[in-house]
Every structure is written in structure tokens, then in C-alpha cells.
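S.K.: Pasting input.pdb below, which is PDB, C-alpha atoms.
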```
ATOM      1  CA  MET X   1     -36.278  20.816  -9.876
ATOM      2  CA  PRO X   2     -32.950  22.716  -9.802
ATOM      3  CA  ASP X   3     -29.785  20.797  -8.980
ATOM      4  CA  LYS X   4     -28.571  21.111  -5.430
ATOM      5  CA  LYS X   5     -25.540  23.369  -5.148
ATOM      6  CA  ASP X   6     -22.249  22.076  -3.763
ATOM      7  CA  LEU X   7     -21.309  23.097  -0.253
ATOM      8  CA  ILE X   8     -17.826  24.552   0.255
ATOM      9  CA  SER X   9     -16.484  24.584   3.808
ATOM     10  CA  VAL X  10     -13.922  27.323   4.432
ATOM     11  CA  ILE X  11     -11.718  26.670   7.476
ATOM     12  CA  VAL X  12     -10.112  29.739   9.047
ATOM     13  CA  PRO X  13      -7.655  29.210  11.936
ATOM     14  CA  CYS X  14      -7.722  32.297  14.166
ATOM     15  CA  TYR X  15      -5.256  33.289  16.856
ATOM     16  CA  ASN X  16      -5.540  36.907  17.974
ATOM     17  CA  GLU X  17      -7.043  37.940  14.636
ATOM     18  CA  SER X  18      -9.502  40.484  16.048
ATOM     19  CA  GLU X  19      -8.208  43.271  13.780
ATOM     20  CA  ALA X  20      -8.203  41.173  10.621
ATOM     21  CA  LEU X  21     -11.586  39.457  10.995
ATOM     22  CA  PRO X  22     -13.774  42.380   9.750
ATOM     23  CA  PHE X  23     -11.651  42.679   6.600
ATOM     24  CA  PHE X  24     -11.767  38.936   6.051
ATOM     25  CA  TYR X  25     -15.527  38.772   6.502
ATOM     26  CA  ARG X  26     -16.164  41.529   3.972
ATOM     27  CA  GLU X  27     -13.881  39.826   1.447
ATOM     28  CA  ILE X  28     -15.326  36.320   1.855
ATOM     29  CA  ALA X  29     -18.895  37.695   1.751
ATOM     30  CA  THR X  30     -18.104  39.383  -1.564
ATOM     31  CA  VAL X  31     -16.581  36.188  -2.970
ATOM     32  CA  ALA X  32     -19.623  34.174  -1.842
ATOM     33  CA  LYS X  33     -21.775  36.192  -4.248
ATOM     34  CA  THR X  34     -19.585  35.298  -7.228
ATOM     35  CA  ILE X  35     -19.246  31.544  -6.715
ATOM     36  CA  ASP X  36     -21.853  29.035  -7.838
ATOM     37  CA  ALA X  37     -21.903  27.100  -4.560
ATOM     38  CA  GLU X  38     -23.059  27.414  -0.968
ATOM     39  CA  LEU X  39     -20.474  28.427   1.626
ATOM     40  CA  GLU X  40     -19.997  27.646   5.278
ATOM     41  CA  ILE X  41     -17.164  29.425   7.070
ATOM     42  CA  ILE X  42     -15.702  27.579  10.064
ATOM     43  CA  CYS X  43     -13.514  29.864  12.155
ATOM     44  CA  VAL X  44     -11.398  28.070  14.761
ATOM     45  CA  ASP X  45     -10.417  30.276  17.678
ATOM     46  CA  ASP X  46      -7.115  28.841  18.896
ATOM     47  CA  GLY X  47      -7.294  30.172  22.453
ATOM     48  CA  SER X  48      -6.962  33.834  21.473
ATOM     49  CA  SER X  49      -6.135  36.343  24.206
ATOM     50  CA  ASP X  50      -7.834  39.301  22.456
ATOM     51  CA  ASP X  51     -11.534  39.688  21.564
ATOM     52  CA  THR X  52     -11.395  37.351  18.558
ATOM     53  CA  LEU X  53     -13.994  35.036  20.117
ATOM     54  CA  GLU X  54     -16.390  37.898  20.831
ATOM     55  CA  LYS X  55     -16.218  39.054  17.214
ATOM     56  CA  LEU X  56     -16.822  35.492  16.026
ATOM     57  CA  ARG X  57     -19.924  35.315  18.228
ATOM     58  CA  ILE X  58     -21.257  38.504  16.647
ATOM     59  CA  LEU X  59     -20.489  37.364  13.099
ATOM     60  CA  SER X  60     -22.114  33.982  13.716
ATOM     61  CA  ALA X  61     -25.232  35.585  15.176
ATOM     62  CA  ASN X  62     -25.612  37.862  12.140
ATOM     63  CA  ASP X  63     -24.690  35.394   9.397
ATOM     64  CA  LYS X  64     -25.824  31.757   9.451
ATOM     65  CA  ARG X  65     -22.926  30.809   7.185
ATOM     66  CA  ILE X  66     -20.422  31.639   9.951
ATOM     67  CA  HIS X  67     -19.640  28.893  12.446
ATOM     68  CA  TYR X  68     -16.941  28.903  15.076
ATOM     69  CA  ILE X  69     -15.069  26.518  17.334
ATOM     70  CA  SER X  70     -13.241  27.909  20.343
ATOM     71  CA  PHE X  71     -10.467  25.939  22.054
ATOM     72  CA  SER X  72      -9.980  25.756  25.817
ATOM     73  CA  ARG X  73      -6.431  27.083  25.290
ATOM     74  CA  ASN X  74      -3.912  27.635  22.526
ATOM     75  CA  PHE X  75      -3.222  24.266  20.862
ATOM     76  CA  GLY X  76      -1.503  25.628  17.738
ATOM     77  CA  LYS X  77      -2.460  26.154  14.113
ATOM     78  CA  GLU X  78      -2.049  22.474  13.257
ATOM     79  CA  ALA X  79      -4.717  21.533  15.823
ATOM     80  CA  ALA X  80      -6.966  24.353  14.568
ATOM     81  CA  MET X  81      -6.788  23.138  10.981
ATOM     82  CA  TYR X  82      -7.484  19.560  12.042
ATOM     83  CA  ALA X  83     -10.498  20.648  14.118
ATOM     84  CA  GLY X  84     -11.867  22.526  11.118
ATOM     85  CA  LEU X  85     -11.372  19.541   8.828
ATOM     86  CA  CYS X  86     -13.213  17.302  11.303
ATOM     87  CA  ALA X  87     -16.124  19.750  11.527
ATOM     88  CA  ALA X  88     -16.397  20.516   7.808
ATOM     89  CA  LYS X  89     -19.504  19.152   6.102
ATOM     90  CA  GLY X  90     -18.814  20.459   2.617
ATOM     91  CA  ASP X  91     -18.381  18.604  -0.642
ATOM     92  CA  TYR X  92     -15.235  20.691  -0.963
ATOM     93  CA  VAL X  93     -13.093  22.089   1.837
ATOM     94  CA  ALA X  94     -10.770  25.076   1.793
ATOM     95  CA  ILE X  95      -8.208  26.226   4.364
ATOM     96  CA  MET X  96      -7.126  29.854   4.496
ATOM     97  CA  ASP X  97      -5.771  32.432   6.947
ATOM     98  CA  ALA X  98      -7.826  35.343   8.270
ATOM     99  CA  ASP X  99      -5.160  37.952   7.479
ATOM    100  CA  LEU X 100      -5.946  37.920   3.713
ATOM    101  CA  GLN X 101      -2.458  36.723   2.814
ATOM    102  CA  ASP X 102      -4.483  33.887   1.306
ATOM    103  CA  PRO X 103      -6.728  35.836  -1.113
ATOM    104  CA  PRO X 104     -10.345  34.545  -1.020
ATOM    105  CA  SER X 105     -10.755  35.928  -4.549
ATOM    106  CA  LEU X 106      -8.966  32.786  -5.811
ATOM    107  CA  LEU X 107     -11.734  30.501  -4.518
ATOM    108  CA  PRO X 108     -13.978  30.690  -7.642
ATOM    109  CA  GLU X 109     -11.061  29.741  -9.892
ATOM    110  CA  MET X 110     -10.038  26.906  -7.566
ATOM    111  CA  TYR X 111     -13.592  25.582  -7.401
ATOM    112  CA  GLY X 112     -13.978  25.793 -11.191
ATOM    113  CA  THR X 113     -10.769  23.798 -11.630
ATOM    114  CA  LEU X 114     -11.957  20.956  -9.390
ATOM    115  CA  LYS X 115     -15.330  20.857 -11.134
ATOM    116  CA  THR X 116     -13.993  20.789 -14.689
ATOM    117  CA  GLU X 117     -10.554  19.161 -14.447
ATOM    118  CA  ASP X 118      -9.263  15.866 -13.098
ATOM    119  CA  TYR X 119      -7.762  17.148  -9.850
ATOM    120  CA  ASP X 120      -8.463  16.387  -6.201
ATOM    121  CA  SER X 121      -7.109  19.657  -4.837
ATOM    122  CA  VAL X 122      -5.978  23.077  -5.935
ATOM    123  CA  ALA X 123      -3.159  24.445  -3.788
ATOM    124  CA  THR X 124      -1.396  27.789  -3.765
ATOM    125  CA  ARG X 125       2.234  28.785  -3.571
ATOM    126  CA  ARG X 126       3.940  32.144  -3.429
ATOM    127  CA  ARG X 127       5.705  33.147  -6.610
ATOM    128  CA  THR X 128       7.975  35.527  -4.718
ATOM    129  CA  ARG X 129       8.860  36.351  -1.121
ATOM    130  CA  ASP X 130       8.835  40.119  -1.562
ATOM    131  CA  GLY X 131       8.455  41.961   1.716
ATOM    132  CA  GLU X 132       9.923  39.116   3.754
ATOM    133  CA  PRO X 133      13.270  39.489   5.606
ATOM    134  CA  LYS X 134      16.149  38.179   3.475
ATOM    135  CA  LEU X 135      17.446  35.871   6.207
ATOM    136  CA  ARG X 136      14.013  34.324   6.638
ATOM    137  CA  SER X 137      13.646  33.813   2.873
ATOM    138  CA  PHE X 138      17.098  32.220   2.637
ATOM    139  CA  CYS X 139      16.378  29.840   5.527
ATOM    140  CA  ALA X 140      12.989  28.913   4.043
ATOM    141  CA  ARG X 141      14.525  27.992   0.681
ATOM    142  CA  ALA X 142      17.304  26.041   2.398
ATOM    143  CA  PHE X 143      14.722  24.169   4.468
ATOM    144  CA  TYR X 144      12.731  23.031   1.423
ATOM    145  CA  LYS X 145      15.889  21.893  -0.360
ATOM    146  CA  LEU X 146      17.009  19.962   2.716
ATOM    147  CA  MET X 147      13.615  18.327   3.260
ATOM    148  CA  ASN X 148      13.342  17.183  -0.338
ATOM    149  CA  ARG X 149      16.768  15.548  -0.020
ATOM    150  CA  ILE X 150      16.177  13.698   3.244
ATOM    151  CA  SER X 151      12.486  12.819   2.931
ATOM    152  CA  LYS X 152      10.460  10.722   0.514
ATOM    153  CA  THR X 153       7.621  13.229   0.906
ATOM    154  CA  GLU X 154       8.294  16.044  -1.560
ATOM    155  CA  LEU X 155       7.417  19.536  -0.338
ATOM    156  CA  VAL X 156       6.773  22.374  -2.783
ATOM    157  CA  GLU X 157       8.756  25.521  -2.054
ATOM    158  CA  GLY X 158       6.571  28.488  -1.178
ATOM    159  CA  ALA X 159       3.518  26.288  -0.598
ATOM    160  CA  ARG X 160       0.788  27.803   1.542
ATOM    161  CA  ASP X 161      -1.795  26.039   3.671
ATOM    162  CA  PHE X 162      -4.376  27.736   1.433
ATOM    163  CA  ARG X 163      -5.962  25.089  -0.773
ATOM    164  CA  LEU X 164      -9.317  23.666  -1.853
ATOM    165  CA  MET X 165      -9.815  19.889  -1.635
ATOM    166  CA  ASN X 166     -12.545  17.465  -2.539
ATOM    167  CA  ARG X 167     -14.219  15.301   0.100
ATOM    168  CA  ARG X 168     -12.156  12.228  -0.801
ATOM    169  CA  MET X 169      -8.885  13.953   0.025
ATOM    170  CA  VAL X 170     -10.274  15.577   3.168
ATOM    171  CA  ASP X 171     -11.409  12.211   4.527
ATOM    172  CA  ALA X 172      -7.923  10.811   3.925
ATOM    173  CA  ILE X 173      -6.333  13.675   5.883
ATOM    174  CA  VAL X 174      -8.813  13.412   8.753
ATOM    175  CA  SER X 175      -8.055   9.694   9.035
ATOM    176  CA  MET X 176      -4.460  10.628   9.953
ATOM    177  CA  SER X 177      -5.163  11.504  13.578
ATOM    178  CA  GLU X 178      -1.532  11.649  14.698
ATOM    179  CA  TYR X 179      -0.750  13.960  17.629
ATOM    180  CA  ASN X 180       2.430  15.467  16.154
ATOM    181  CA  ARG X 181       1.161  17.088  12.983
ATOM    182  CA  PHE X 182       2.777  18.872  10.055
ATOM    183  CA  THR X 183      -0.118  19.469   7.681
ATOM    184  CA  LYS X 184       1.951  20.616   4.701
ATOM    185  CA  GLY X 185       3.696  17.244   4.800
ATOM    186  CA  ILE X 186       0.406  15.388   5.295
ATOM    187  CA  PHE X 187      -1.065  17.105   2.212
ATOM    188  CA  CYS X 188       1.807  15.671   0.165
ATOM    189  CA  TRP X 189       1.915  12.280   1.910
ATOM    190  CA  VAL X 190      -1.727  11.352   1.184
ATOM    191  CA  GLY X 191      -1.076  11.881  -2.501
ATOM    192  CA  PHE X 192      -3.976  12.746  -4.855
ATOM    193  CA  ARG X 193      -3.706  14.979  -7.901
ATOM    194  CA  THR X 194      -2.943  18.598  -7.066
ATOM    195  CA  LYS X 195      -2.870  21.655  -9.284
ATOM    196  CA  TRP X 196      -0.732  24.579  -8.117
ATOM    197  CA  LEU X 197      -1.709  28.226  -8.409
ATOM    198  CA  GLU X 198       1.016  30.845  -8.043
ATOM    199  CA  TYR X 199       0.552  34.385  -6.776
ATOM    200  CA  ASP X 200       2.744  37.189  -5.487
ATOM    201  CA  ASN X 201       3.331  37.553  -1.775
ATOM    202  CA  ILE X 202       0.659  39.631  -0.026
ATOM    203  CA  GLU X 203       1.172  41.557   3.217
ATOM    204  CA  ARG X 204      -1.144  41.093   6.198
ATOM    205  CA  VAL X 205      -4.230  43.293   6.045
ATOM    206  CA  ALA X 206      -4.099  43.962   9.810
ATOM    207  CA  GLY X 207      -2.516  42.714  13.014
ATOM    208  CA  LYS X 208       0.908  41.200  13.517
ATOM    209  CA  THR X 209       2.320  37.865  12.415
ATOM    210  CA  LYS X 210       2.414  35.146  15.086
ATOM    211  CA  TRP X 211       5.384  33.429  13.452
ATOM    212  CA  SER X 212       8.730  34.573  14.794
ATOM    213  CA  PHE X 213      11.983  33.255  13.346
ATOM    214  CA  TRP X 214      12.411  30.944  16.353
ATOM    215  CA  LYS X 215       8.866  29.530  15.998
ATOM    216  CA  LEU X 216       9.447  28.874  12.304
ATOM    217  CA  PHE X 217      12.741  27.149  13.133
ATOM    218  CA  LYS X 218      11.025  24.838  15.643
ATOM    219  CA  TYR X 219       8.223  24.238  13.129
ATOM    220  CA  SER X 220      10.776  23.166  10.519
ATOM    221  CA  LEU X 221      12.290  20.715  13.009
ATOM    222  CA  GLU X 222       8.830  19.242  13.536
ATOM    223  CA  CYS X 223       8.651  18.576   9.804
ATOM    224  CA  ILE X 224      12.045  16.873   9.774
ATOM    225  CA  TYR X 225      11.194  14.644  12.738
ATOM    226  CA  ASN X 226       7.744  13.781  11.347
ATOM    227  CA  PHE X 227       8.737  12.964   7.780
ATOM    228  CA  SER X 228      12.352  11.807   7.866
ATOM    229  CA  THR X 229      14.537   9.367   9.807
ATOM    230  CA  VAL X 230      17.750  10.676   8.249
ATOM    231  CA  PRO X 231      18.866  12.361  11.535
ATOM    232  CA  LEU X 232      18.893   8.891  13.109
ATOM    233  CA  ASP X 233      20.931   7.574  10.176
ATOM    234  CA  ILE X 234      23.402  10.454  10.575
ATOM    235  CA  SER X 235      23.693   9.701  14.285
ATOM    236  CA  SER X 236      24.399   6.021  13.590
ATOM    237  CA  PHE X 237      26.918   6.821  10.846
ATOM    238  CA  THR X 238      28.737   9.312  13.088
ATOM    239  CA  GLY X 239      28.981   6.757  15.887
ATOM    240  CA  PHE X 240      30.307   4.110  13.509
ATOM    241  CA  THR X 241      32.886   6.540  12.052
ATOM    242  CA  LEU X 242      34.195   7.549  15.486
ATOM    243  CA  CYS X 243      34.437   3.904  16.601
ATOM    244  CA  PHE X 244      36.360   3.046  13.451
ATOM    245  CA  ALA X 245      38.720   6.011  13.997
ATOM    246  CA  ALA X 246      39.260   4.938  17.613
ATOM    247  CA  ILE X 247      40.171   1.385  16.531
ATOM    248  CA  ILE X 248      42.664   2.725  13.996
ATOM    249  CA  GLY X 249      44.150   4.971  16.683
ATOM    250  CA  ILE X 250      44.529   2.049  19.106
ATOM    251  CA  ILE X 251      46.274  -0.038  16.456
ATOM    252  CA  VAL X 252      48.678   2.821  15.678
ATOM    253  CA  ILE X 253      49.525   3.261  19.372
ATOM    254  CA  ILE X 254      50.191  -0.485  19.825
ATOM    255  CA  ILE X 255      52.453  -0.615  16.766
ATOM    256  CA  ARG X 256      54.373   2.468  17.927
ATOM    257  CA  SER X 257      54.851   0.897  21.377
ATOM    258  CA  LEU X 258      56.100  -2.390  19.896
ATOM    259  CA  CYS X 259      58.538  -0.489  17.724
ATOM    260  CA  GLY X 260      59.955   1.273  20.780
ATOM    261  CA  ALA X 261      58.694   4.722  19.930
ATOM    262  CA  PRO X 262      58.763   7.113  22.907
ATOM    263  CA  ALA X 263      55.479   8.005  24.585
ATOM    264  CA  THR X 264      54.076  11.294  23.346
ATOM    265  CA  SER X 265      52.596  14.032  25.474
ATOM    266  CA  GLY X 266      49.300  15.677  24.637
ATOM    267  CA  TRP X 267      46.949  15.894  27.575
ATOM    268  CA  ALA X 268      45.321  19.044  26.207
ATOM    269  CA  SER X 269      44.528  17.496  22.842
ATOM    270  CA  THR X 270      43.288  14.321  24.553
ATOM    271  CA  LEU X 271      40.960  16.384  26.714
ATOM    272  CA  CYS X 272      39.626  18.205  23.645
ATOM    273  CA  VAL X 273      38.937  14.891  21.908
ATOM    274  CA  ILE X 274      37.140  13.551  24.984
ATOM    275  CA  LEU X 275      34.979  16.674  25.219
ATOM    276  CA  PHE X 276      34.228  16.575  21.486
ATOM    277  CA  VAL X 277      33.232  12.913  21.509
ATOM    278  CA  GLY X 278      31.193  13.394  24.710
ATOM    279  CA  GLY X 279      29.347  16.341  23.200
ATOM    280  CA  LEU X 280      28.712  14.391  20.019
ATOM    281  CA  GLN X 281      27.288  11.514  22.039
ATOM    282  CA  LEU X 282      24.914  13.844  23.865
ATOM    283  CA  PHE X 283      23.872  15.381  20.532
ATOM    284  CA  CYS X 284      23.075  11.934  19.083
ATOM    285  CA  ILE X 285      21.222  10.961  22.251
ATOM    286  CA  GLY X 286      19.227  14.186  21.890
ATOM    287  CA  ILE X 287      18.202  13.223  18.343
ATOM    288  CA  LEU X 288      17.134   9.804  19.562
ATOM    289  CA  GLY X 289      15.255  11.469  22.439
ATOM    290  CA  LYS X 290      13.294  13.674  20.021
ATOM    291  CA  TYR X 291      11.989  10.656  18.113
ATOM    292  CA  LEU X 292      11.328   8.785  21.349
ATOM    293  CA  SER X 293       9.386  11.732  22.796
ATOM    294  CA  ARG X 294       7.103  11.730  19.765
ATOM    295  CA  THR X 295       6.434   8.044  20.232
ATOM    296  CA  TYR X 296       5.703   8.744  23.906
ATOM    297  CA  LEU X 297       3.206  11.498  23.076
ATOM    298  CA  GLU X 298       1.470   9.341  20.467
ATOM    299  CA  THR X 299       1.064   6.415  22.893
ATOM    300  CA  LYS X 300      -0.561   8.682  25.509
ATOM    301  CA  ARG X 301      -3.449   9.201  23.059
ATOM    302  CA  ARG X 302      -4.222  12.698  24.304
ATOM    303  CA  PRO X 303      -6.739  14.687  22.217
ATOM    304  CA  ILE X 304      -5.262  16.990  19.607
ATOM    305  CA  TYR X 305      -7.490  19.813  20.878
ATOM    306  CA  ILE X 306     -10.205  20.487  23.469
ATOM    307  CA  VAL X 307     -13.279  22.531  22.560
ATOM    308  CA  ARG X 308     -14.554  25.113  25.038
ATOM    309  CA  GLU X 309     -17.386  26.611  22.985
ATOM    310  CA  THR X 310     -19.024  26.471  19.543
ATOM    311  CA  ASP X 311     -21.762  28.460  17.825
ATOM    312  CA  GLU X 312     -24.079  25.467  18.331
ATOM    313  CA  ASP X 313     -23.836  25.985  22.103
ATOM    314  CA  ASN X 314     -25.263  29.489  21.769
ATOM    315  CA  LYS X 315     -28.110  28.280  19.538
ATOM    316  CA  GLU X 316     -29.192  25.773  22.186
ATOM    317  CA  GLN X 317     -29.407  28.430  24.908
TER     318      GLN X 317
END
```
Starting from the coordinates I provided, produce the structure as C-alpha cells.
M.R.:
Amino acid sequence: MPDKKDLISVIVPCYNESEALPFFYREIATVAKTIDAELEIICVDDGSSDDTLEKLRILSANDKRIHYISFSRNFGKEAAMYAGLCAAKGDYVAIMDADLQDPPSLLPEMYGTLKTEDYDSVATRRRTRDGEPKLRSFCARAFYKLMNRISKTELVEGARDFRLMNRRMVDAIVSMSEYNRFTKGIFCWVGFRTKWLEYDNIERVAGKTKWSFWKLFKYSLECIYNFSTVPLDISSFTGFTLCFAAIIGIIVIIIRSLCGAPATSGWASTLCVILFVGGLQLFCIGILGKYLSRTYLETKRRPIYIVRETDEDNKEQ
């Protein structure tokens, strides 16, 4: 009796990927013929406003390997990846984008590595950032350097979400059901042995990127708040420094008064100092508020996502 083949679950977060889906399907179908394992493709429609869901329905009806989960609204890529991980049944689980910036052709090599070498995951990183705006590339490199200085969780520069993991690592990630998620950090935090594959940057096959500079900036802040408490330390240190400077200033003023020194004018400079210190206080309170808001959201225990429809619903009808 032949040995049962491994099942690989491929998770594909989709948000307005109607144009890219046909290209992705053709590519993944070709790769499926070259890999010695069964594939299930779980596409997660993250509340798309185009006809992404309709195309997923058609693909699922024509190919039993295609499954889909459709959210009730847009919950974000982090929620989509988590939903896919929860639904995956495979012995190995991959995450990749539908725009082919994560080349499916690497899957056979990644699978072969996990089968023959002592690794729990094979992850990918971009060797270069060719084709990306220079300002965006500079900010990305600066972000990784900053994060690796202020956090105990080390992030690899250029790392993609595209990776293949064994079931042990997937179960560990799924067990982290926190509401505020930064999956790249979670991949590193859970540990396990990871082999990195490098490849050159690839342009989208179709459609437009959903990541503006402002969205990436907010996403980077999420990482800092989720995996570092250094901003709180900076806030505390700044407050202590200003208090110490104020005490020194008071002592100097008292000594000058006792020595008979004339009073000095300087209402303008005093006002500037007051405004500066007041602004700094509000900034530090804002940092504290960001951490407090995350605690508030976690304690509410709201679901990370809400499912509106799956391919199983259509099979039952």
C-alpha cells in the first residue's frame, strides 16, 4: 500500500485581488503538479469591494483543492492570515500573497528542505528592494534596525510573510490568539529553527498595492507597541530628566536670590519652556495611552475576524 502523501495548506490573504487571482491560480496549479504532496489552497477574502469573492466561488466550484473564507468586512491582513492558519488542516502550512510577489515556484524547494533537513520552517526574504521607492526602502531598513535595538524579538530585514511551516510551529502560532497582531514578530517570537531563502524583488503581476506609505508607517508602530516597551522607558527617562533639570533650576534661582542677584526678565523664554514641557507631557501620555488602548482591546475579547461565507456553505446548499 503506497504511503499517504503529506497535505500542504496554502493560505492566501485576498483584498481586492480580482485581477491577480487568475494568474495566481494558473501558477499554483502548475506548481501542484511538480510537488510530491497534496495541496489545499485556502483563500481568505478580507472584505473585498471588487469581485474577488465571486472569482473565488468559481475557482472553488471548479477545483476541489480551492477553499475560501469570506469576512463580513475588512479586518486586515493579520486577521486574514490568522483565519487561514486556524482553518488549515495540512501537515505543512504556507502563507503567500496572491499578487505573485511571493513566487509559488519556491514551494517544492521549501517542502524538500523541511522533509530532508532539521528545520521547522523555511522563510523568504528579499535580497534587494529594486523597483521600490527610495524613501520607502530607507524607512524600511531604518525600521528593522530600530526594532532589533529596542526589542528582544529579532526581525530579519526584508523578511516576507511567505513561508512554509510544519504543524508544530503552526499550532504554536495559532495558540497566540492576541487581538493586536504583528505576524512577522510572532513568527520570530515562537522560535523554532528557520531556514531563509533569498530572492530578488518581484513586481505585482496585476492590480495595485494596498500598502501606502502611511499604512506601512502605522503598521510599523503596531510592531513597536506589540514587541517593545522601550517607548515607555523613554517616556519615564524623559520625565525624570526634566524633573531633575527643574530641581537644579530651582536651586540656582534660590542661590542667586540669597546672593542678592537682581531678578531677570524672560517671560518669552519661560512661556516657550512651559509649552515645550506641556507638549512633552502630552506626548508621553499619548505613548502610555497607546499601550493602555491595546490592553483595553485585549480585555474586551472581541473576535479577531467574523466569517460571512465559506465554500462549505455553498456545498451544503
S.K.: In terms of the shortest atom-to-atom distance over all atoms listed in the file, which of X:Lys145, X:Ile234, X:Leu297, X:Ile304 is closest to Leu280 of chain X?
M.R.: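 Checking each of X:Lys145, X:Ile234, X:Leu297, X:Ile304 against Leu280 of chain X, counting all atoms listed in the file, the winner is X:Ile234.
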S.K.: To one decimal place in Å, what is the distance between atom CA of Gln281 of chain X and atom CA of Gly239 of chain X?
M.R.: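 Atom CA of Gln281 of chain X sits 8.0 Å away from atom CA of Gly239 of chain X.
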S.K.: Within 7 Å of Phe75 of chain X, counting all atoms listed in the file, which residues show up once you throw out same-chain ones fewer than 4 positions away? Write them as a ChimeraX atom specification, please.
M.R.: /X:46,79,305
S.K.: Taking all atoms of segment 301-316 of chain X that the file lists, what box with edges along x, y and z, padded by 6 Å per side, do you get, with centre and edge lengths in Å to one decimal, as JSON?
M.R.:
```
{"center_x": -16.3, "center_y": 19.3, "center_z": 21.4, "size_x": 37.7, "size_y": 32.3, "size_z": 19.2}
```
S.K.: Go through the shown structure with the PyMOL selection byres ((chain X and resi 310) around 7) and write out the matching residues as a PyMOL selection string.
M.R.: chain X and resi 68-70+309+311-313
S.K.: Choose the residue, out of X:Thr34, X:Thr116, X:Ser60, X:Asn74, that has the smallest atom-to-atom separation from Cys14 of chain X; count all atoms listed in the file.
M.R.: X:Asn74
S.K.: Hey, what comes out of the PyMOL selection byres ((chain X and resi 45) around 9) on this file? Could you write it as an MDAnalysis selection string?
M.R.: chainID X and resid 12:17 43:44 46:48 52:53 56 68:71 74 80
S.K.: Atom CA of Arg141 of chain X and atom CA of Leu164 of chain X, how far apart in Å?
M.R.: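 Here the two named atoms are 24.4 Å from each other.
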S.K.: Can you measure atom CA of Pro303 of chain X to atom CA of Tyr291 of chain X for me? One decimal in Å is fine.
M.R.: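 These atoms are spaced 19.6 Å apart.
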S.K.: I'd like to know which of X:Ser236, X:Gly185, X:Ala83, X:Asp6 is closest to Phe283 of chain X, using all atoms listed in the file.
M.R.: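 Going through X:Ser236, X:Gly185, X:Ala83, X:Asp6 one by one, the smallest distance to Phe283 of chain X is for X:Ser236.
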S.K.: Which residue, X:Ile66, X:Ile58, X:Val93, X:Cys86, has the smallest gap to Val10 of chain X when you use all atoms listed in the file?
M.R.: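 Ranking X:Ile66, X:Ile58, X:Val93, X:Cys86 by distance to Val10 of chain X, first place goes to X:Val93.
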S.K.: For the structure shown, which residues end up in the PyMOL selection byres ((chain X and resi 29) around 12)? Put them as a PyMOL selection string, please?
M.R.: chain X and resi 10+21-28+30-35+38-41+59+63-66+104-105+107
S.K.: Residues within 7 Å of Ala159 of chain X, please, as a count of residues only. Count all atoms listed in the file; anything in the same chain fewer than 5 positions from it doesn't count.
M.R.: 3
S.K.: In the coordinate frame of the file, compute which residues have an atom within 10 Å of (19.2, 11.1, 13.8) when using all atoms listed in the file, and state them as a PyMOL selection string.
M.R.: chain X and resi 225+228-238+283-291
S.K.: Selected residues, C-alpha atoms, written as a compact mmCIF listing (two decimals), in the frame of the given file, please.
M.R.:
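Output saved as out-v6.txt:
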```txt
# COMPACT_ATOMS: atom_id res chain seq x y z
CA TYR X 225 11.19 14.64 12.74
CA SER X 228 12.35 11.81 7.87
CA THR X 229 14.54 9.37 9.81
CA VAL X 230 17.75 10.68 8.25
CA PRO X 231 18.87 12.36 11.54
CA LEU X 232 18.89 8.89 13.11
CA ASP X 233 20.93 7.57 10.18
CA ILE X 234 23.40 10.45 10.58
CA SER X 235 23.69 9.70 14.28
CA SER X 236 24.40 6.02 13.59
CA PHE X 237 26.92 6.82 10.85
CA THR X 238 28.74 9.31 13.09
CA PHE X 283 23.87 15.38 20.53
CA CYS X 284 23.08 11.93 19.08
CA ILE X 285 21.22 10.96 22.25
CA GLY X 286 19.23 14.19 21.89
CA ILE X 287 18.20 13.22 18.34
CA LEU X 288 17.13 9.80 19.56
CA GLY X 289 15.26 11.47 22.44
CA LYS X 290 13.29 13.67 20.02
CA TYR X 291 11.99 10.66 18.11
```
S.K.: List as a list in words the residues having at least one atom at most 8 Å from position (-9.3, 27.9, -3.7) as given in the file, counting all atoms listed in the file.
M.R.: Ala94, Pro104, Leu106, Leu107, Pro108, Glu109, Met110, Tyr111, Val122, Ala123, Thr124, Phe162, Arg163 and Leu164 of chain X
